[in-house]
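Engineer: Below is the structure I would like to discuss, written out as structure tokens.
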Amino acid sequence: MDMVESFKTIARLDANPRYAGSTHDDATARAMGFRAALIPGAFLYGHVTRLAVRAWGMDWLGRGQAEVRFRRPVHDGDKLVVGRSGWREVDGGVRAEAAIRHADTGEILVLGHIALPDMPLEPPTDLDVIPLPDPIPAATSEQIVTGKRLGTRSRVLSLAEIRQSLADFGEREPIYQEGALAHSGCLVRQTMGDSLSNFRFPEPVVFVSVQVQNYAPLHAGARICSATEIRSVYSRKGRLYFDSEEYLIADGLPVARHLRVNLYGSAE
């Protein structure tokens, strides 16, 4: 892919105690054979969508699309080049391919695209919002099944949380600060957190890829929750996967759809 716009950044992981015992914790990651803590996929998605925000601003936050596929691990401290191809017209909008490369080796770490439809898409109106299960079940093949509705937390997203999230992600685009808006990576992290809270997993879940459709910006002070359904369950090369369709809802209205691929264990 020939990049017509790019920027350089350094992958940095925020020091959050919730990472303890996961691949995002340096000691744990090194014990598992990695050279440093792994950067969460939501952070890398945020880097890619910075290109969309710079190009389209509020239009992208209100109706934009994106897709990212994580091809290689990204470690804390890695030097990255984030870039996009030229724009091309597609059916009903404009699109550019996007990639994250390692600045030193040129290796492609993330592939995907960003897009802006000509017209907003209407979100569904019949979404089911249900509470988290109590107790939380183990992540077994009997529990993770196609068509299952997943529970959610419900809470108010404060301005302080948004500002902390912007700092954690190293996000400096003015549109977020000026509008008290949650950035794209924050939205993905919200629905992902809700979905994974439905099960007790035997090992850290790997975020493989995500397709995103935005419906509206997310403002500070909104009450948020998720409506999620497991769309498919399958195994590949001895590994277990499920695809989750996750709608983030703010004050009763959908603001984003995330179709996410999760690798959650090994087949026996």
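Naming works like this for the structure tokens: A, B, ... for the chains as they're shown, residue 1 at the start of each chain, ligands 1 onward in shown order.
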If you count only C-alpha atoms, which residues fall within 7 Å of range 128-140 of chain A, apart from same-chain ones fewer than 5 positions away, as a compact mmCIF listing (two decimals) with C-alpha atoms, in the first residue's frame?

Structural biologist:
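And here is the file that came out, part22.txt:
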# COMPACT_ATOMS: atom_id res chain seq x y z
CA GLY A 151 -25.35 -8.76 29.50
CA THR A 152 -24.02 -5.29 30.15
CA ARG A 153 -23.02 -2.80 32.78
CA ASN A 198 -20.11 -12.15 30.80
CA PHE A 199 -17.67 -15.04 31.22
CA ARG A 200 -14.72 -16.30 33.25
CA PHE A 201 -12.08 -17.05 30.62
CA SER A 226 -24.27 -2.36 25.47
CA ALA A 227 -26.56 -4.68 23.54

Engineer: Would you kindly return, as a PyMOL selection string, each protein, DNA or RNA residue with an atom no farther than 8 Å from any atom of Ser6 in chain A, considering only C-alpha atoms and excluding same-chain residues fewer than 4 positions away?

Structural biologist: chain A and resi 81-84

Engineer: Would you mind exporting C-alpha atoms of the selected residues as a PDB file, in the first residue's frame?

Structural biologist:
ATOM      1  CA  VAL A  81       4.106   4.531  11.265  1.00  0.00           C
ATOM      2  CA  VAL A  82       0.348   4.904  10.784  1.00  0.00           C
ATOM      3  CA  GLY A  83      -0.802   5.697   7.263  1.00  0.00           C
ATOM      4  CA  ARG A  84      -3.496   5.535   4.630  1.00  0.00           C
TER       5      ARG A  84
END

Engineer: As an exercise, work out the distance from CA of Ala66 in chain A to CA of His258 in chain A in Å and give it to one decimal place.

Structural biologist: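 The value is 9.7 Å.
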
Engineer: Please list as a VMD selection string every residue within 8 Å of Ala96 in chain A, counting only C-alpha atoms and excluding residues in the same chain fewer than 3 positions away.

Structural biologist: chain A and resid 84 to 88 113 to 115

Engineer: Could you tell me how far CA of Gly92 in chain A sits from CA of Leu187 in chain A, in Å to one decimal place?

Structural biologist: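 CA of Leu187 in chain A sits 24.7 Å away from CA of Gly92 in chain A.
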